[in-house]
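Below is structure02.txt, which holds compact mmCIF, C-alpha atoms and all ligand atoms.
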# COMPACT_ATOMS: atom_id res chain seq x y z
CA MET T 1 127.31 112.45 19.02
CA ASN T 2 130.81 113.40 20.26
CA LYS T 3 132.06 112.25 23.64
CA LYS T 4 135.33 112.52 25.55
CA LEU T 5 136.85 109.60 27.37
CA LEU T 6 139.91 109.47 29.60
CA LEU T 7 141.76 106.13 29.66
CA LEU T 8 143.89 105.32 32.70
CA PRO T 9 145.45 101.90 32.05
CA GLY T 10 147.41 101.85 35.32
CA ASP T 11 149.64 98.96 36.32
CA GLY T 12 150.14 95.23 35.88
CA ILE T 13 147.66 93.81 33.38
CA GLY T 14 145.99 97.26 33.13
CA PRO T 15 147.65 98.29 29.85
CA GLU T 16 146.93 94.87 28.28
CA ILE T 17 143.20 94.90 29.06
CA ILE T 18 142.72 98.58 28.19
CA ALA T 19 144.35 97.90 24.81
CA GLU T 20 141.41 95.60 23.98
CA VAL T 21 138.91 98.37 24.78
CA ARG T 22 140.87 100.75 22.58
CA LYS T 23 140.20 98.39 19.68
CA ILE T 24 136.47 98.44 20.45
CA ILE T 25 136.51 102.25 20.56
CA ALA T 26 138.14 102.31 17.12
CA TRP T 27 135.41 99.96 15.90
CA ILE T 28 132.67 102.22 17.34
CA ASN T 29 134.19 105.34 15.80
CA GLU T 30 134.15 103.67 12.43
CA ASN T 31 130.80 101.88 12.61
CA ALA T 32 128.46 103.72 15.00
CA GLU T 33 126.99 107.22 15.20
CA LEU T 34 128.88 107.80 18.40
CA ASN T 35 132.33 109.38 18.16
CA ILE T 36 134.64 108.88 21.13
CA ALA T 37 137.76 111.03 21.48
CA THR T 38 140.21 109.54 23.96
CA GLU T 39 142.98 110.95 26.10
CA GLU T 40 145.28 108.80 28.14
CA ASP T 41 147.63 109.18 31.08
CA TYR T 42 149.71 107.30 33.60
CA PHE T 43 147.93 106.44 36.83
CA GLY T 44 148.89 104.60 40.00
CA GLY T 45 152.33 103.02 40.09
CA ALA T 46 153.03 103.99 36.49
CA ALA T 47 152.39 107.64 37.43
CA ILE T 48 154.63 107.35 40.50
CA ASP T 49 157.41 106.19 38.19
CA ALA T 50 156.73 108.91 35.61
CA TYR T 51 155.76 111.89 37.80
CA GLY T 52 156.45 110.94 41.43
CA VAL T 53 152.75 110.95 42.37
CA PRO T 54 149.98 108.37 41.68
CA LEU T 55 147.59 110.98 40.27
CA ARG T 56 148.76 114.39 39.08
CA ASP T 57 146.51 117.43 39.02
CA GLU T 58 146.78 117.67 35.23
CA THR T 59 145.19 114.21 34.97
CA LEU T 60 142.44 115.25 37.32
CA ASP T 61 141.74 118.33 35.19
CA VAL T 62 141.39 116.16 32.08
CA ALA T 63 139.14 113.78 34.06
CA ARG T 64 136.84 116.65 35.05
CA LYS T 65 136.49 117.72 31.41
CA SER T 66 135.75 114.19 30.20
CA ASP T 67 132.37 112.48 29.94
CA ALA T 68 133.77 109.36 31.58
CA ILE T 69 136.95 107.67 32.77
CA LEU T 70 137.93 104.06 32.18
CA MET T 71 140.57 102.60 34.44
CA GLY T 72 142.53 99.34 34.24
CA ALA T 73 143.87 98.64 37.69
CA VAL T 74 146.57 100.02 39.95
CA GLY T 75 149.18 98.65 42.31
CA GLY T 76 151.80 95.96 42.50
CA PRO T 77 154.73 94.74 44.60
CA LYS T 78 157.02 97.39 43.13
CA TRP T 79 155.13 100.14 45.02
CA ASP T 80 154.10 98.25 48.15
CA ASN T 81 156.74 99.95 50.28
CA VAL T 82 156.43 103.58 49.21
CA ALA T 83 154.91 106.14 51.60
CA TYR T 84 151.14 105.81 52.04
CA ASP T 85 150.14 109.13 50.49
CA ILE T 86 152.02 108.40 47.28
CA ARG T 87 150.96 104.76 46.97
CA PRO T 88 149.00 103.74 43.86
CA GLU T 89 145.81 103.28 45.93
CA ALA T 90 146.06 106.89 47.12
CA GLY T 91 145.53 107.93 43.49
CA LEU T 92 142.37 105.87 43.35
CA LEU T 93 140.98 107.35 46.58
CA LYS T 94 141.90 110.84 45.40
CA ILE T 95 140.12 110.61 42.05
CA ARG T 96 137.00 109.13 43.72
CA LYS T 97 136.95 111.90 46.30
CA GLN T 98 137.78 114.74 43.91
CA LEU T 99 135.03 113.72 41.49
CA ASP T 100 132.64 113.09 44.41
CA LEU T 101 131.76 109.62 43.17
CA PHE T 102 129.13 108.70 45.72
CA ALA T 103 127.39 105.78 43.99
CA ASN T 104 129.18 102.51 43.37
CA LEU T 105 127.55 100.25 40.79
CA ARG T 106 128.38 96.56 40.99
CA PRO T 107 126.49 94.28 38.61
CA ALA T 108 126.35 90.53 39.12
CA ILE T 109 125.64 88.87 35.81
CA VAL T 110 125.73 85.13 35.30
CA PHE T 111 126.65 84.25 31.75
CA ASP T 112 124.97 81.05 30.63
CA ALA T 113 128.24 79.66 29.31
CA LEU T 114 129.98 80.22 32.67
CA ILE T 115 127.21 78.91 34.88
CA ASP T 116 129.41 76.14 36.30
CA ALA T 117 131.71 78.77 37.85
CA SER T 118 128.94 79.94 40.17
CA SER T 119 128.94 78.80 43.75
CA LEU T 120 125.20 78.13 43.56
CA LYS T 121 123.08 75.59 41.72
CA PRO T 122 122.56 76.39 38.00
CA GLU T 123 118.77 76.55 38.36
CA ILE T 124 119.15 79.30 40.99
CA VAL T 125 121.54 81.56 39.06
CA LYS T 126 120.54 80.95 35.45
CA GLY T 127 120.04 84.25 33.62
CA LEU T 128 120.91 86.23 36.73
CA ASP T 129 121.39 89.97 36.15
CA ILE T 130 121.28 92.18 39.22
CA LEU T 131 122.87 95.52 40.02
CA ILE T 132 123.92 96.71 43.43
CA VAL T 133 124.07 100.47 43.96
CA ARG T 134 126.20 101.08 47.03
CA GLU T 135 126.51 104.50 48.71
CA LEU T 136 130.27 105.08 48.65
CA THR T 137 131.22 108.29 50.43
CA GLY T 138 129.16 108.31 53.62
CA GLY T 139 128.00 106.07 56.43
CA VAL T 140 129.94 104.27 59.11
CA TYR T 141 133.27 104.24 57.22
CA PHE T 142 133.45 108.04 57.43
CA GLY T 143 131.12 109.07 60.28
CA GLU T 144 132.39 111.05 63.27
CA PRO T 145 133.13 110.52 66.10
CA ARG T 146 135.47 107.65 65.43
CA GLY T 147 138.56 106.29 67.12
CA ILE T 148 139.85 104.03 69.86
CA GLU T 149 139.58 105.44 73.37
CA ASP T 150 141.46 104.33 76.44
CA LEU T 151 139.03 103.79 79.29
CA GLY T 152 141.75 102.93 81.82
CA GLY T 153 142.49 99.65 83.54
CA GLY T 154 143.33 98.01 80.19
CA GLU T 155 139.82 98.59 78.89
CA ARG T 156 139.50 100.31 75.49
CA ARG T 157 136.59 101.36 73.32
CA GLY T 158 136.44 101.38 69.51
CA VAL T 159 133.95 103.84 68.06
CA ASN T 160 132.46 104.32 64.61
CA THR T 161 129.39 106.31 63.79
CA GLN T 162 126.80 105.54 61.17
CA VAL T 163 125.53 108.85 59.80
CA TYR T 164 123.40 109.65 56.77
CA THR T 165 121.79 112.91 55.77
CA THR T 166 118.67 113.38 53.68
CA SER T 167 120.64 114.64 50.68
CA GLU T 168 123.14 111.77 50.83
CA ILE T 169 120.30 109.25 50.79
CA ARG T 170 118.34 111.01 48.08
CA ARG T 171 121.20 111.41 45.62
CA VAL T 172 122.10 107.72 45.71
CA GLY T 173 118.41 106.82 45.62
CA LYS T 174 118.02 108.86 42.43
CA VAL T 175 120.87 106.96 40.78
CA ALA T 176 119.18 103.65 41.64
CA PHE T 177 115.73 104.70 40.40
CA GLU T 178 117.10 106.20 37.17
CA ILE T 179 119.03 103.02 36.39
CA ALA T 180 116.09 100.77 37.27
CA ARG T 181 114.12 102.63 34.59
CA LYS T 182 116.70 101.50 32.04
CA ARG T 183 116.49 97.92 33.39
CA LYS T 184 113.60 95.86 34.74
CA GLY T 185 112.06 98.71 36.70
CA LYS T 186 112.46 97.40 40.24
CA VAL T 187 114.43 98.78 43.20
CA THR T 188 114.99 96.95 46.48
CA SER T 189 116.20 99.31 49.19
CA CYS T 190 118.13 97.59 51.99
CA GLU T 191 118.81 98.87 55.52
CA LYS T 192 118.06 97.90 59.09
CA ALA T 193 115.24 100.35 59.81
CA ASN T 194 114.13 98.06 62.62
CA VAL T 195 117.22 98.74 64.74
CA MET T 196 119.04 101.77 63.27
CA GLU T 197 118.04 105.44 63.19
CA SER T 198 120.01 106.01 59.98
CA GLY T 199 118.15 103.03 58.54
CA LYS T 200 114.83 104.54 59.53
CA LEU T 201 115.72 107.82 57.83
CA TRP T 202 117.00 105.87 54.80
CA ARG T 203 113.65 104.10 54.43
CA GLU T 204 111.65 107.32 54.87
CA GLU T 205 113.70 109.27 52.34
CA ILE T 206 113.73 106.51 49.71
CA THR T 207 109.96 106.15 50.10
CA ARG T 208 109.47 109.92 49.76
CA LEU T 209 111.72 110.16 46.69
CA HIS T 210 109.87 107.26 45.09
CA GLY T 211 106.49 108.93 45.68
CA GLU T 212 107.72 112.28 44.33
CA SER T 213 109.42 111.22 41.11
CA TYR T 214 109.64 107.50 40.54
CA SER T 215 106.27 105.89 41.11
CA ASP T 216 106.63 104.12 37.74
CA VAL T 217 109.42 102.05 39.33
CA THR T 218 108.51 99.23 41.72
CA LEU T 219 109.99 99.90 45.17
CA GLU T 220 110.48 97.25 47.82
CA HIS T 221 112.17 97.58 51.23
CA MET T 222 114.14 94.74 52.72
CA TYR T 223 116.22 94.39 55.87
CA ALA T 224 119.85 93.96 54.88
CA ASP T 225 120.27 90.66 56.71
CA ASN T 226 117.26 89.24 54.90
CA ALA T 227 118.71 90.55 51.62
CA ALA T 228 121.93 88.60 52.30
CA MET T 229 119.83 85.48 52.72
CA GLN T 230 117.59 86.15 49.71
CA LEU T 231 120.66 86.69 47.49
CA CYS T 232 121.58 83.05 48.04
CA ARG T 233 118.06 81.68 48.16
CA ARG T 234 116.44 83.32 45.14
CA PRO T 235 118.68 86.03 43.63
CA SER T 236 116.52 86.39 40.52
CA GLN T 237 113.90 88.30 42.57
CA PHE T 238 116.22 91.35 42.47
CA ASP T 239 116.80 93.93 39.78
CA VAL T 240 118.49 96.96 41.40
CA ILE T 241 119.50 96.89 45.07
CA VAL T 242 120.25 100.26 46.68
CA THR T 243 121.97 100.29 50.03
CA ASP T 244 124.43 102.10 52.28
CA ASN T 245 128.21 101.89 52.30
CA LEU T 246 128.61 99.07 54.84
CA PHE T 247 125.76 96.81 53.77
CA GLY T 248 126.66 97.49 50.14
CA ASP T 249 130.25 96.42 50.72
CA ILE T 250 129.07 93.06 52.03
CA LEU T 251 126.12 92.46 49.71
CA SER T 252 128.14 93.33 46.58
CA ASP T 253 130.88 90.84 47.50
CA GLU T 254 128.22 88.21 48.15
CA ALA T 255 126.56 88.96 44.81
CA ALA T 256 129.95 88.76 43.05
CA MET T 257 130.39 85.22 44.29
CA LEU T 258 127.08 84.25 42.67
CA THR T 259 128.84 84.75 39.34
CA GLY T 260 132.04 82.97 40.37
CA SER T 261 134.56 84.66 38.10
CA LEU T 262 136.59 87.70 39.12
CA GLY T 263 137.86 88.28 35.58
CA MET T 264 134.26 88.92 34.44
CA LEU T 265 133.06 91.58 36.91
CA PRO T 266 132.69 95.23 35.90
CA SER T 267 132.00 98.21 38.17
CA ALA T 268 131.28 101.91 38.07
CA ALA T 269 131.41 104.86 40.44
CA LEU T 270 129.08 107.74 39.63
CA GLY T 271 128.74 111.28 40.93
CA ALA T 272 126.17 113.99 40.36
CA PRO T 273 124.29 113.90 37.02
CA GLY T 274 126.46 115.41 34.28
CA SER T 275 129.71 114.76 36.10
CA PRO T 276 132.09 112.09 34.75
CA GLY T 277 131.70 108.52 36.00
CA LEU T 278 134.67 106.24 36.72
CA TYR T 279 134.53 102.70 35.37
CA GLU T 280 136.86 99.82 36.19
CA PRO T 281 136.98 96.05 36.50
CA VAL T 282 136.49 94.72 40.04
CA HIS T 283 139.75 92.78 39.91
CA GLY T 284 143.19 94.23 40.60
CA SER T 285 146.36 94.55 38.54
CA ALA T 286 147.16 90.80 38.71
CA PRO T 287 150.95 91.26 38.84
CA ASP T 288 151.35 87.46 38.82
CA ILE T 289 150.24 87.26 35.17
CA ALA T 290 151.14 90.76 33.91
CA GLY T 291 152.99 90.94 30.61
CA GLN T 292 152.11 87.39 29.58
CA GLY T 293 149.21 88.29 27.30
CA ILE T 294 146.83 85.91 29.11
CA ALA T 295 144.71 88.30 31.22
CA ASN T 296 140.96 88.19 30.76
CA PRO T 297 139.89 91.51 29.20
CA LEU T 298 136.14 90.87 29.59
CA ALA T 299 135.62 92.61 32.97
CA THR T 300 137.15 95.74 31.45
CA ILE T 301 135.16 95.38 28.23
CA LEU T 302 131.99 94.99 30.33
CA SER T 303 132.99 98.06 32.37
CA PHE T 304 133.23 99.93 29.07
CA ALA T 305 129.74 98.65 28.16
CA MET T 306 128.46 100.14 31.44
CA LEU T 307 130.25 103.38 30.60
CA LEU T 308 128.43 103.56 27.28
CA LYS T 309 125.09 102.93 28.99
CA TYR T 310 125.41 105.18 32.01
CA SER T 311 127.76 108.01 30.96
CA LEU T 312 127.67 108.25 27.15
CA GLU T 313 123.89 107.89 26.63
CA SER T 314 124.49 104.86 24.42
CA VAL T 315 122.44 102.13 26.06
CA GLU T 316 122.00 100.19 22.83
CA LEU T 317 125.72 100.09 22.06
CA GLY T 318 126.46 98.98 25.61
CA GLU T 319 123.94 96.17 25.31
CA LYS T 320 125.44 95.21 21.96
CA ILE T 321 128.83 94.78 23.60
CA GLU T 322 127.30 92.70 26.40
CA ALA T 323 125.65 90.50 23.79
CA ALA T 324 128.98 90.14 21.96
CA VAL T 325 130.58 88.92 25.20
CA GLN T 326 127.77 86.37 25.57
CA THR T 327 128.44 85.25 22.01
CA VAL T 328 132.20 84.67 22.40
CA LEU T 329 131.60 82.72 25.60
CA ALA T 330 128.90 80.64 23.92
CA GLU T 331 131.40 79.92 21.13
CA GLY T 332 133.58 78.32 23.81
CA LEU T 333 136.38 80.90 23.85
CA ARG T 334 138.07 81.21 27.23
CA THR T 335 141.08 82.99 28.69
CA ALA T 336 143.12 80.87 31.10
CA ASP T 337 141.33 82.07 34.25
CA ILE T 338 137.92 80.76 33.07
CA MET T 339 139.19 77.83 31.00
CA VAL T 340 137.35 74.51 31.33
CA ASP T 341 137.59 71.20 29.45
CA GLY T 342 136.18 71.27 25.94
CA CYS T 343 136.66 75.02 25.45
CA THR T 344 139.23 76.87 23.35
CA LYS T 345 141.94 78.70 25.25
CA VAL T 346 142.64 82.18 23.88
CA SER T 347 144.99 85.05 24.71
CA THR T 348 143.97 88.55 25.81
CA ILE T 349 144.33 89.82 22.24
CA GLU T 350 142.43 86.90 20.71
CA MET T 351 139.57 87.46 23.16
CA GLY T 352 139.41 91.16 22.23
CA ASP T 353 139.45 90.30 18.53
CA ALA T 354 136.64 87.77 19.03
CA VAL T 355 134.46 90.39 20.77
CA ILE T 356 134.96 92.77 17.83
CA LYS T 357 134.13 90.01 15.36
CA ALA T 358 130.92 89.28 17.30
CA LEU T 359 130.10 93.01 17.34
CA ALA T 360 130.55 93.25 13.61
CA SER T 361 128.34 90.29 12.76
P1 LIG T 401 143.93 90.69 41.74
O1 LIG T 401 142.50 90.86 41.43
O2 LIG T 401 144.88 91.54 41.01
O3 LIG T 401 144.34 89.15 41.47
C1 LIG T 401 143.77 88.05 42.16
C2 LIG T 401 143.94 86.78 41.32
O4 LIG T 401 143.04 86.82 40.22
C3 LIG T 401 145.35 86.65 40.72
O5 LIG T 401 145.71 85.30 40.69
C4 LIG T 401 145.19 87.17 39.32
O6 LIG T 401 146.08 86.61 38.39
C5 LIG T 401 143.74 86.79 38.99
N1 LIG T 401 143.13 87.78 38.09
C6 LIG T 401 142.69 89.01 38.42
N2 LIG T 401 142.22 89.63 37.33
C7 LIG T 401 142.37 88.79 36.29
C8 LIG T 401 142.08 88.86 34.91
N3 LIG T 401 141.52 89.95 34.34
N4 LIG T 401 142.37 87.79 34.13
C9 LIG T 401 142.91 86.69 34.66
N5 LIG T 401 143.20 86.56 35.96
C10 LIG T 401 142.93 87.59 36.77
O7 LIG T 401 144.08 90.90 43.31
P2 LIG T 401 145.41 90.89 44.22
O8 LIG T 401 146.35 89.86 43.73
O9 LIG T 401 144.92 90.86 45.59
O10 LIG T 401 146.06 92.33 44.02
C11 LIG T 401 147.10 92.61 43.08
C12 LIG T 401 147.34 94.11 43.05
O11 LIG T 401 146.17 94.77 42.57
C13 LIG T 401 147.62 94.71 44.43
O12 LIG T 401 148.63 95.68 44.29
C14 LIG T 401 146.31 95.35 44.81
O13 LIG T 401 146.49 96.42 45.70
C15 LIG T 401 145.80 95.81 43.49
N6 LIG T 401 144.33 95.97 43.41
C16 LIG T 401 143.88 97.06 42.71
C17 LIG T 401 142.54 97.28 42.56
C18 LIG T 401 142.12 98.45 41.75
O14 LIG T 401 142.89 98.99 40.99
N7 LIG T 401 140.88 98.90 41.86
C19 LIG T 401 141.53 96.39 43.14
C20 LIG T 401 142.10 95.23 43.81
C21 LIG T 401 143.45 95.07 43.95
MG MG T 402 134.64 94.73 49.84

Could I get this file's structure written as structure tokens?
Ligand code: NAI
Ligand code: MG
Amino acid sequence: MNKKLLLLPGDGIGPEIIAEVRKIIAWINENAELNIATEEDYFGGAAIDAYGVPLRDETLDVARKSDAILMGAVGGPKWDNVAYDIRPEAGLLKIRKQLDLFANLRPAIVFDALIDASSLKPEIVKGLDILIVRELTGGVYFGEPRGIEDLGGGERRGVNTQVYTTSEIRRVGKVAFEIARKRKGKVTSCEKANVMESGKLWREEITRLHGESYSDVTLEHMYADNAAMQLCRRPSQFDVIVTDNLFGDILSDEAAMLTGSLGMLPSAALGAPGSPGLYEPVHGSAPDIAGQGIANPLATILSFAMLLKYSLESVELGEKIEAAVQTVLAEGLRTADIMVDGCTKVSTIEMGDAVIKALAS
């Protein structure tokens, strides 16, 4: 099977962590049936320096023709004072919008070896593996009307509008159900159907979609505030959570804290079936440690594992990489950010090498 991948290392530690994935790709091309051809370009601050814009149209064209895109991270103090529309982040917003990436996937996985990093008791988070599917392009962050109105006499009114259409709900619902089929087969849909019209529609449409095409998946509805509570109380009850933009923003940050380590969290943004997905670590470009060879490459390696599973039809290979990450952690290897007493401190490159060694064995 031949696939095309666009690599966008970006800024700060981006190039260092993407370099470790490049080694894994070389290993796959040599040892697996899958053949991945890569292209690469500047993105974010690096693209501003090279081309004057954070994302050039040529890059976007290559992205559209690829099966998936893997990003490092963008941004840094060097570009903090440039005009807003040519800031590194503008490149990120542009690629998300241009590829219509409406579903944000944020897994929260607790690795046994890192269980002490969690903010919850070990018995509550042990073996935790949940995935939040957040609607990313609709809802209250984009709804009209919006703005701040002057009501006179010093009184003002801030307005945002929560809006969802049937098709917006259904397309993100499909993503959640499809992924649940590849996991433990359960979807929890979260809204506030008790007090919000958009929530009521959300619940109706998810229920209808489930009945039409996904009755093999277990569907449960939960009010978003209860979900926030249940995530702390008994997170292992969840498999896939599907929710809107606002609730997903909050619930995914809460779920991230269950795992406790920023350097370990992957993410994905998906569009319509057949269109390329964008994968990236949750963390930023970490300018404070860039160029020192100490960044943790595992969030990016795990993002690449998601990419294999969800965009390159290679679920088994993706799981193999996840298992290899478990192995290196169990062996006690740690980059500085997750280092604890009794473990062995390794560099970015040594961590990447260890993952490949675990893959090969
Ligand atoms: P950050 O995630 O880059 O760093 C926060 C802290 O975590 C730092 O101390 C950093 O050294 C550490 N850290 C992050 N990733 C790490 C890794 N893989 N290994 C070891 N340590 C790691 O967030 P911060 O400092 O708020 O932002 C830095 C820059 O990154 C800013 O320009 C920001 O705009 C950008 N950023 C970009 C994102 C993206 O590209 N999607 C997301 C978040 C921030
Ligand atoms: Mg957030």

Counting only C-alpha atoms and all ligand atoms, which residues of chain T fall within 12 Å of ligand MG 402 (chain T), and what is the closest atom pair for each with its distance in Å at one decimal, ordered by chain and rising number, as a tab-separated table?
residue	atom	partner	partner_atom	distance
T:Asn104	CA	T:MG402	MG	11.5
T:Arg106	CA	T:MG402	MG	11.0
T:Arg134	CA	T:MG402	MG	10.9
T:Leu136	CA	T:MG402	MG	11.3
T:Asn245	CA	T:MG402	MG	9.9
T:Leu246	CA	T:MG402	MG	9.0
T:Phe247	CA	T:MG402	MG	9.9
T:Gly248	CA	T:MG402	MG	8.4
T:Asp249	CA	T:MG402	MG	4.8
T:Ile250	CA	T:MG402	MG	6.2
T:Leu251	CA	T:MG402	MG	8.8
T:Ser252	CA	T:MG402	MG	7.4
T:Asp253	CA	T:MG402	MG	5.9
T:Glu254	CA	T:MG402	MG	9.3
T:Ala255	CA	T:MG402	MG	11.1
T:Ala256	CA	T:MG402	MG	10.2
T:Met257	CA	T:MG402	MG	11.8
T:Val282	CA	T:MG402	MG	10.0
T:His283	CA	T:MG402	MG	11.3

For ligand LIG 401 (chain T), return the neighbouring residues as a ChimeraX atom specification (distance at most 10 Å; only C-alpha atoms and all ligand atoms). /T:9-14,16-17,43-45,71-80,87-89,91-93,261-265,267,279-290,293-300,335-338,348

Residues around (126.0, 80.5, 34.3), cut-off 10 Å, counting all atoms listed in the file - what are they as a ChimeraX atom specification? /T:109-118,120-128,258-260

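You will find CA of Val21 in chain T at 10.4 Å from CA of Ile349 in chain T.
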
If I put a ball of radius 9 Å at (128.2, 91.8, 23.4) in the file's coordinates, which residues poke into it when counting all atoms listed in the file, written as an mmCIF file with C-alpha atoms, in the frame of the given file?
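point-v4.cif written:
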data_model
loop_
_atom_site.group_PDB
_atom_site.id
_atom_site.type_symbol
_atom_site.label_atom_id
_atom_site.label_comp_id
_atom_site.auth_asym_id
_atom_site.auth_seq_id
_atom_site.Cartn_x
_atom_site.Cartn_y
_atom_site.Cartn_z
ATOM 1 C CA LEU T 302 131.990 94.990 30.330
ATOM 2 C CA ALA T 305 129.740 98.650 28.160
ATOM 3 C CA LEU T 317 125.720 100.090 22.060
ATOM 4 C CA GLY T 318 126.460 98.980 25.610
ATOM 5 C CA GLU T 319 123.940 96.170 25.310
ATOM 6 C CA LYS T 320 125.440 95.210 21.960
ATOM 7 C CA ILE T 321 128.830 94.780 23.600
ATOM 8 C CA GLU T 322 127.300 92.700 26.400
ATOM 9 C CA ALA T 323 125.650 90.500 23.790
ATOM 10 C CA ALA T 324 128.980 90.140 21.960
ATOM 11 C CA VAL T 325 130.580 88.920 25.200
ATOM 12 C CA GLN T 326 127.770 86.370 25.570
ATOM 13 C CA THR T 327 128.440 85.250 22.010
ATOM 14 C CA VAL T 328 132.200 84.670 22.400
ATOM 15 C CA VAL T 355 134.460 90.390 20.770
ATOM 16 C CA ILE T 356 134.960 92.770 17.830
ATOM 17 C CA ALA T 358 130.920 89.280 17.300
ATOM 18 C CA LEU T 359 130.100 93.010 17.340
#

When you draw a straight line from CA of Ile95 in chain T to CA of Arg64 in chain T, how long is it in Å? 9.8 Å

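Closest to Ile179 in chain T among T:Ala354, T:Ala83, T:Val133, T:Ala360 is T:Val133, based on all atoms listed in the file.
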
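Take the candidates T:Asp244, T:Asn31, T:Ser347, T:Glu313 and check each one against Gln292 in chain T using all atoms listed in the file; the shortest distance goes to T:Ser347.
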
Residues near range 169-172 of chain T, anyone? I mean within 9 Å using only C-alpha atoms, not counting same-chain ones fewer than 4 positions away, as a ChimeraX atom specification. /T:102-103,133-135,164-165,176-177,201-202,205-206,209,242-244,271-272

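From CA of Leu308 in chain T back to CA of Ser361 in chain T, the distance works out to 19.7 Å.
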
Contacts of Pro145 in chain T at 9 Å (only C-alpha atoms; same-chain gap of 6+ positions) as a VMD selection string: chain T and resid 159 to 161

With distances taken over only C-alpha atoms, the candidate from T:Arg233, T:Leu34, T:Gly154, T:Val163 nearest Tyr141 in chain T is T:Val163

Would you give the centre and edge lengths, in Å to one decimal, of a box along x, y and z around the listed atoms of range 150-166 of chain T, with 4 Å added to each side, as lines of an AutoDock Vina configuration file?
center_x = 131.0
center_y = 105.7
center_z = 68.6
size_x = 32.7
size_y = 23.4
size_z = 37.9

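Using all atoms listed in the file, the smallest distance between any of T:Leu278, T:Ile48, T:Leu219, T:Val82 and Ser303 in chain T comes from T:Leu278.
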
Which of these residues is nearest to Ile28 in chain T, using all atoms listed in the file: T:Pro266, T:Ser314, T:Arg208, T:Thr344? T:Ser314

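Residues in contact with Met1 in chain T at up to 9 Å, not including ones fewer than 3 positions away on its chain and judged by all atoms listed in the file, are Glu33, Leu34, Asn35 and Ile36 of chain T.
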
Proximity to Gln230 in chain T - best of T:Thr188, T:Ala330, T:Ile86, T:His210, all atoms listed in the file: T:Thr188

Give me, as a PyMOL selection string, all polymer residues having an atom no more than 12 Å from Val187 in chain T, counting all atoms listed in the file and skipping those fewer than 3 positions away in the same chain. chain T and resi 130-133+173-184+190+206-207+210+214-222+237-243
